[in-house]
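Raw my_file.txt, compact mmCIF, C-alpha atoms:
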```txt
# COMPACT_ATOMS: atom_id res chain seq x y z
CA MET Z 630 25.08 4.57 17.84
CA THR Z 631 23.12 1.38 18.55
CA PRO Z 632 22.39 -1.14 15.74
CA ILE Z 633 18.72 -0.15 15.84
CA SER Z 634 19.32 3.58 15.49
CA ALA Z 635 21.99 2.97 12.81
CA ARG Z 636 19.43 1.16 10.67
CA ALA Z 637 16.85 3.84 11.38
CA HIS Z 638 19.33 6.47 10.26
CA ALA Z 639 19.96 4.57 7.02
CA PHE Z 640 16.22 4.15 6.49
CA ARG Z 641 15.61 7.87 6.95
CA ARG Z 642 18.29 8.68 4.37
CA LEU Z 643 16.43 6.60 1.79
CA HIS Z 644 13.41 8.90 2.18
CA GLY Z 645 15.42 12.06 1.54
CA ALA Z 646 15.40 12.06 -2.24
CA GLY Z 647 14.46 9.93 -5.21
CA CYS Z 648 12.15 6.92 -5.06
CA PHE Z 649 12.89 3.42 -3.79
CA VAL Z 650 11.03 0.11 -3.69
CA LEU Z 651 10.33 -1.43 -0.29
CA PRO Z 652 9.35 -5.06 -1.02
CA ASN Z 653 7.47 -7.09 1.57
CA PRO Z 654 8.82 -10.49 2.67
CA TRP Z 655 6.73 -12.74 4.88
CA ASP Z 656 9.41 -14.94 6.48
CA CYS Z 657 13.17 -15.07 7.01
CA GLY Z 658 13.82 -16.90 3.74
CA SER Z 659 11.96 -14.39 1.59
CA ALA Z 660 13.60 -11.54 3.51
CA ARG Z 661 17.10 -12.89 2.89
CA LEU Z 662 16.38 -13.51 -0.77
CA LEU Z 663 15.10 -9.96 -1.30
CA ALA Z 664 18.11 -8.52 0.49
CA ARG Z 665 20.43 -10.60 -1.69
CA LEU Z 666 18.67 -9.21 -4.78
CA GLY Z 667 19.89 -5.78 -3.73
CA PHE Z 668 16.86 -4.06 -2.23
CA SER Z 669 18.02 -1.36 0.17
CA ALA Z 670 15.22 -1.90 2.71
CA LEU Z 671 12.33 -4.29 3.38
CA ALA Z 672 8.91 -4.14 5.02
CA THR Z 673 6.87 -6.83 6.70
CA THR Z 674 3.35 -7.66 5.49
CA SER Z 675 0.57 -8.51 7.91
CA SER Z 676 -1.34 -10.49 5.28
CA GLY Z 677 1.70 -12.43 4.05
CA PHE Z 678 2.68 -13.34 7.60
CA ALA Z 679 -0.87 -14.35 8.54
CA TRP Z 680 -1.15 -16.59 5.45
CA SER Z 681 2.13 -18.28 6.36
CA LEU Z 682 0.44 -19.27 9.64
CA GLY Z 683 -2.68 -20.49 7.84
CA ARG Z 684 -4.80 -17.55 8.98
CA PRO Z 685 -6.55 -14.58 7.33
CA ASP Z 686 -5.07 -11.11 7.62
CA ASN Z 687 -5.44 -9.32 10.99
CA HIS Z 688 -5.68 -12.60 12.90
CA VAL Z 689 -2.19 -12.57 14.41
CA SER Z 690 -1.52 -11.54 18.00
CA LEU Z 691 0.72 -8.76 19.23
CA GLU Z 692 3.22 -11.21 20.71
CA GLU Z 693 3.36 -13.21 17.49
CA THR Z 694 3.94 -10.04 15.53
CA LEU Z 695 6.71 -8.84 17.84
CA SER Z 696 8.43 -12.21 17.52
CA HIS Z 697 8.06 -12.03 13.73
CA LEU Z 698 9.60 -8.55 13.66
CA ARG Z 699 12.59 -9.77 15.66
CA SER Z 700 13.05 -12.68 13.27
CA ILE Z 701 12.87 -10.60 10.09
CA ALA Z 702 15.06 -7.80 11.42
CA GLY Z 703 17.56 -10.36 12.69
CA ALA Z 704 17.69 -12.20 9.36
CA VAL Z 705 18.99 -9.27 7.29
CA THR Z 706 21.30 -6.29 7.62
CA VAL Z 707 19.13 -3.82 5.67
CA PRO Z 708 16.49 -1.68 7.42
CA VAL Z 709 13.10 -3.28 8.04
CA ASN Z 710 9.81 -1.41 8.27
CA ALA Z 711 7.08 -3.00 10.39
CA ASP Z 712 3.52 -3.38 9.20
CA PHE Z 713 2.16 -2.82 12.71
CA GLU Z 714 -1.49 -2.80 11.62
CA GLY Z 715 -3.51 -0.54 13.94
CA GLY Z 716 -1.04 -0.78 16.79
CA PHE Z 717 -2.97 -3.75 18.25
CA ALA Z 718 -5.04 -1.35 20.33
CA THR Z 719 -7.85 1.14 19.98
CA LEU Z 720 -7.00 3.74 22.61
CA PRO Z 721 -3.84 5.86 22.36
CA ALA Z 722 -2.46 4.47 25.64
CA GLY Z 723 -2.51 0.98 24.17
CA VAL Z 724 -0.91 2.13 20.94
CA LEU Z 725 1.84 3.85 22.93
CA ARG Z 726 2.50 0.70 24.98
CA ASN Z 727 2.58 -1.62 21.97
CA VAL Z 728 4.70 0.65 19.77
CA ALA Z 729 7.15 0.96 22.67
CA ALA Z 730 7.45 -2.83 22.67
CA ALA Z 731 8.02 -2.85 18.90
CA THR Z 732 10.89 -0.36 19.12
CA SER Z 733 13.08 -3.01 20.78
CA THR Z 734 12.69 -5.59 17.99
CA GLY Z 735 15.35 -4.20 15.64
CA ILE Z 736 13.05 -2.52 13.15
CA ALA Z 737 13.91 0.78 11.46
CA GLY Z 738 10.37 1.95 10.70
CA LEU Z 739 6.79 1.30 11.73
CA SER Z 740 3.34 2.12 10.35
CA ILE Z 741 0.04 2.72 12.13
CA GLU Z 742 -3.33 2.37 10.36
CA ASP Z 743 -6.62 4.12 11.06
CA SER Z 744 -8.92 1.20 10.11
CA THR Z 745 -11.15 -0.35 12.76
CA GLY Z 746 -11.96 -3.74 11.23
CA ASP Z 747 -15.67 -2.88 11.53
CA SER Z 748 -17.30 -2.68 8.08
CA SER Z 749 -20.11 -0.46 9.39
CA SER Z 750 -17.62 2.11 10.71
CA PRO Z 751 -14.31 1.25 9.01
CA LEU Z 752 -12.22 4.22 10.13
CA PHE Z 753 -11.46 5.44 13.61
CA ASP Z 754 -12.94 8.83 14.47
CA PHE Z 755 -10.73 11.62 13.12
CA ALA Z 756 -9.67 13.01 16.50
CA LEU Z 757 -8.95 9.56 17.90
CA SER Z 758 -6.94 8.66 14.80
CA VAL Z 759 -4.73 11.71 15.29
CA GLU Z 760 -4.25 10.91 18.98
CA ARG Z 761 -3.17 7.39 18.03
CA ILE Z 762 -0.45 8.76 15.76
CA GLN Z 763 0.65 11.14 18.50
CA ALA Z 764 0.91 8.18 20.89
CA ALA Z 765 3.05 6.23 18.43
CA ARG Z 766 5.27 9.29 17.96
CA ARG Z 767 5.74 9.62 21.72
CA ALA Z 768 6.64 5.94 22.10
CA ILE Z 769 9.26 6.19 19.36
CA ASP Z 770 10.71 9.41 20.73
CA ASP Z 771 10.89 7.93 24.22
CA SER Z 772 12.77 4.92 22.84
CA GLY Z 773 15.54 7.06 21.38
CA THR Z 774 15.80 4.73 18.38
CA GLY Z 775 14.92 7.22 15.66
CA ILE Z 776 12.52 4.73 14.09
CA LEU Z 777 10.62 6.26 11.16
CA LEU Z 778 6.86 6.54 11.72
CA THR Z 779 4.43 6.10 8.84
CA GLY Z 780 0.83 7.26 9.21
CA ARG Z 781 -1.63 5.27 7.10
CA SER Z 782 -5.17 6.23 6.13
CA GLU Z 783 -7.09 3.21 4.90
CA GLY Z 784 -10.22 4.75 3.38
CA PHE Z 785 -9.53 3.61 -0.16
CA ILE Z 786 -9.26 -0.06 0.84
CA VAL Z 787 -12.06 -0.23 3.42
CA GLY Z 788 -14.90 1.19 1.36
CA ARG Z 789 -14.41 4.91 2.02
CA PRO Z 790 -12.55 6.15 -1.10
CA ASP Z 791 -12.88 9.84 -0.24
CA LEU Z 792 -9.80 11.72 -1.41
CA ALA Z 793 -10.54 14.91 0.51
CA GLU Z 794 -11.01 13.00 3.78
CA THR Z 795 -7.93 10.90 3.11
CA ILE Z 796 -5.85 14.03 2.57
CA ARG Z 797 -7.33 15.67 5.67
CA ARG Z 798 -6.25 12.69 7.72
CA LEU Z 799 -2.78 12.39 6.19
CA VAL Z 800 -2.07 16.09 6.73
CA ALA Z 801 -3.18 15.75 10.35
CA TYR Z 802 -1.00 12.65 10.81
CA ALA Z 803 1.97 14.56 9.42
CA GLU Z 804 1.31 17.37 11.89
CA ALA Z 805 0.97 14.79 14.67
CA GLY Z 806 4.46 13.47 14.01
CA ALA Z 807 4.27 10.93 11.18
CA ASP Z 808 7.47 11.03 9.11
CA CYS Z 809 5.96 9.34 6.05
CA LEU Z 810 2.38 9.24 4.79
CA TYR Z 811 0.58 6.35 3.13
CA ALA Z 812 -2.89 5.87 1.65
CA PRO Z 813 -3.06 2.31 0.31
CA GLY Z 814 -5.45 2.00 -2.59
CA ILE Z 815 -4.82 5.32 -4.36
CA ARG Z 816 -3.96 4.51 -7.96
CA THR Z 817 -4.68 7.41 -10.31
CA GLU Z 818 -2.07 9.98 -11.22
CA SER Z 819 -4.32 12.81 -10.03
CA ASP Z 820 -4.99 11.22 -6.62
CA ILE Z 821 -1.34 10.37 -6.04
CA THR Z 822 -0.21 13.86 -7.08
CA ALA Z 823 -2.78 15.45 -4.78
CA VAL Z 824 -1.56 13.45 -1.79
CA VAL Z 825 2.11 14.15 -2.54
CA ARG Z 826 1.45 17.88 -2.78
CA ALA Z 827 -0.76 17.99 0.32
CA VAL Z 828 1.82 16.51 2.70
CA ALA Z 829 4.98 17.91 1.09
CA PRO Z 830 7.80 18.00 1.97
CA LYS Z 831 7.16 14.78 3.89
CA PRO Z 832 7.57 11.60 1.82
CA VAL Z 833 4.69 9.50 0.51
CA ASN Z 834 4.47 5.71 0.19
CA VAL Z 835 2.34 4.24 -2.61
CA LEU Z 836 1.14 0.65 -2.61
CA VAL Z 837 1.60 -1.19 -5.92
CA GLY Z 838 -0.11 -4.56 -5.89
CA SER Z 839 -0.60 -4.85 -9.66
CA ASP Z 840 0.80 -3.38 -12.86
CA PHE Z 841 -1.00 -0.02 -12.77
CA SER Z 842 2.23 1.99 -12.60
CA THR Z 843 6.03 1.82 -12.67
CA LEU Z 844 8.90 3.00 -10.52
CA ALA Z 845 9.76 5.68 -13.07
CA GLU Z 846 6.18 6.97 -13.30
CA LEU Z 847 5.72 7.18 -9.54
CA ALA Z 848 9.09 8.85 -9.10
CA ARG Z 849 7.97 11.48 -11.63
CA LEU Z 850 4.91 12.16 -9.47
CA GLY Z 851 7.13 12.81 -6.44
CA VAL Z 852 6.52 9.50 -4.64
CA ARG Z 853 9.44 8.61 -2.38
CA ARG Z 854 8.62 5.00 -1.47
CA ILE Z 855 6.82 2.08 -3.13
CA SER Z 856 5.71 -1.02 -1.24
CA VAL Z 857 3.92 -4.09 -2.57
CA GLY Z 858 2.09 -5.27 0.54
CA GLY Z 859 1.06 -8.91 0.28
CA ALA Z 860 1.59 -9.04 -3.51
CA LEU Z 861 4.83 -11.04 -3.43
CA ALA Z 862 3.26 -13.49 -0.98
CA ARG Z 863 0.27 -13.76 -3.33
CA SER Z 864 2.65 -14.51 -6.19
CA ALA Z 865 4.18 -17.34 -4.18
CA TRP Z 866 0.76 -18.71 -3.24
CA THR Z 867 -0.33 -18.44 -6.88
CA GLY Z 868 2.53 -20.66 -7.99
CA LEU Z 869 1.76 -23.16 -5.25
CA LEU Z 870 -1.97 -23.23 -6.03
CA HIS Z 871 -1.51 -23.66 -9.78
CA ALA Z 872 0.94 -26.52 -9.36
CA ALA Z 873 -0.94 -28.23 -6.53
CA LYS Z 874 -4.32 -27.98 -8.27
CA GLU Z 875 -2.87 -29.51 -11.42
CA ILE Z 876 -1.51 -32.45 -9.42
CA ALA Z 877 -4.72 -32.91 -7.43
CA GLU Z 878 -7.14 -32.51 -10.33
CA GLN Z 879 -5.23 -33.87 -13.34
CA GLY Z 880 -2.44 -36.01 -11.95
CA THR Z 881 0.10 -34.14 -14.08
CA PHE Z 882 3.14 -32.09 -13.09
CA THR Z 883 3.75 -29.64 -15.95
CA ASN Z 884 3.66 -26.56 -13.69
CA LEU Z 885 6.70 -27.89 -11.84
CA GLY Z 886 8.71 -27.81 -15.06
CA SER Z 887 9.03 -24.01 -14.99
CA ASP Z 888 10.28 -23.80 -11.40
CA VAL Z 889 13.68 -22.33 -10.63
CA SER Z 890 16.20 -24.94 -9.57
CA SER Z 891 17.00 -25.87 -5.99
CA ALA Z 892 20.59 -24.85 -6.67
CA GLU Z 893 19.54 -21.35 -7.68
CA ILE Z 894 17.42 -20.91 -4.55
CA GLU Z 895 20.12 -22.24 -2.26
CA GLY Z 896 22.59 -19.89 -3.90
CA TYR Z 897 20.78 -16.95 -2.35
CA PHE Z 898 21.30 -18.40 1.13
CA GLU Z 899 24.96 -19.28 0.94
```
I'd like the structure from this file rewritten - as structure tokens, please.
Amino acid sequence: MTPISARAHAFRRLHGAGCFVLPNPWDCGSARLLARLGFSALATTSSGFAWSLGRPDNHVSLEETLSHLRSIAGAVTVPVNADFEGGFATLPAGVLRNVAAATSTGIAGLSIEDSTGDSSSPLFDFALSVERIQAARRAIDDSGTGILLTGRSEGFIVGRPDLAETIRRLVAYAEAGADCLYAPGIRTESDITAVVRAVAPKPVNVLVGSDFSTLAELARLGVRRISVGGALARSAWTGLLHAAKEIAEQGTFTNLGSDVSSAEIEGYFE
């Protein structure tokens, strides 16, 4: 068994029962720290990575993303899921080609979104969206890596919060070969329960970017996986902004007094 397929096998086992948290690092340091804290798997974040480059989300190239995936997967021994945005292509052939390239980076999982980036028509046509998932499935199967494929429907975060349409898409993505289903932006117990039941027995990922729920509550609803997207990166940027603004605007340094010590941080990297 190759190192890639071994991690993919471990990642698949995590989805078999219970509920686990998949936190999202944005660089090698944050990935190593999270792994040292005991998380069993990690996931990249397109927004967190873009911000680390001084760019807005979805403004990173395919080659930069592939290099980032290699770096994160190479920095830790736990499985890593790739936030692969929309596959960096519109047509299925492009998705297939790009997912095939991603399968050689060391990742254990990969997600494909159905958002277009066009506010006037924010979701790909239904049939095309399904074909894109099928293309990603074929690329993974051809690679022989066993990488876990997550199908994402983005309606709730791109201005189309239609539960029935979201479920229609997720069910179709499951039938097209997605191993895990994900609708970022669903928050209510009724919506989450409806999604879990619609795609069962396949596992569901729920995005938690604030304090609207807990691990125990989501596990009770049948959720298998919880990710936090760019929330940890936002927390880091929040600390930086608060401290830097105080220095720039007031000439004081009180925010720095609550920082963890350098020794504690370095302890995670020893």
Quick one: pull the distance between atom CA of Gly788 of chain Z and atom CA of Pro830 of chain Z, Å, one decimal. 28.3 Å
For segment 888-892 of chain Z: contacts at 12 Å, all atoms listed in the file, fewer than 3 positions along chain excluded, given as an NGL selection string: :Z and (865 or 868-869 or 871-872 or 882-885 or 895-899)
Given all atoms listed in the file as the basis, pick out the residue of Z:Leu739, Z:Leu698, Z:Cys648, Z:Ala807 nearest to Lys831 of chain Z. Z:Ala807
When you draw a straight line from atom CA of Ser856 of chain Z to atom CA of Ala805 of chain Z, how long is it in Å? 22.9 Å
Using only C-alpha atoms, can you tell me which of Z:Pro832, Z:Gly858, Z:Gly738, Z:Gly886 comes closest to Ala646 of chain Z?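 Smallest distance to Ala646 of chain Z is found for Z:Pro832.
For the pair atom CA of Ser744 of chain Z and atom CA of Glu783 of chain Z, the interatomic distance is 5.9 Å.
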Excluding Phe713 of chain Z and any residue of its chain fewer than 5 positions from it, enumerate the residues within 8 Å of it, using all atoms listed in the file, and give them as an NGL selection string. :Z and (675 or 694 or 739-742)
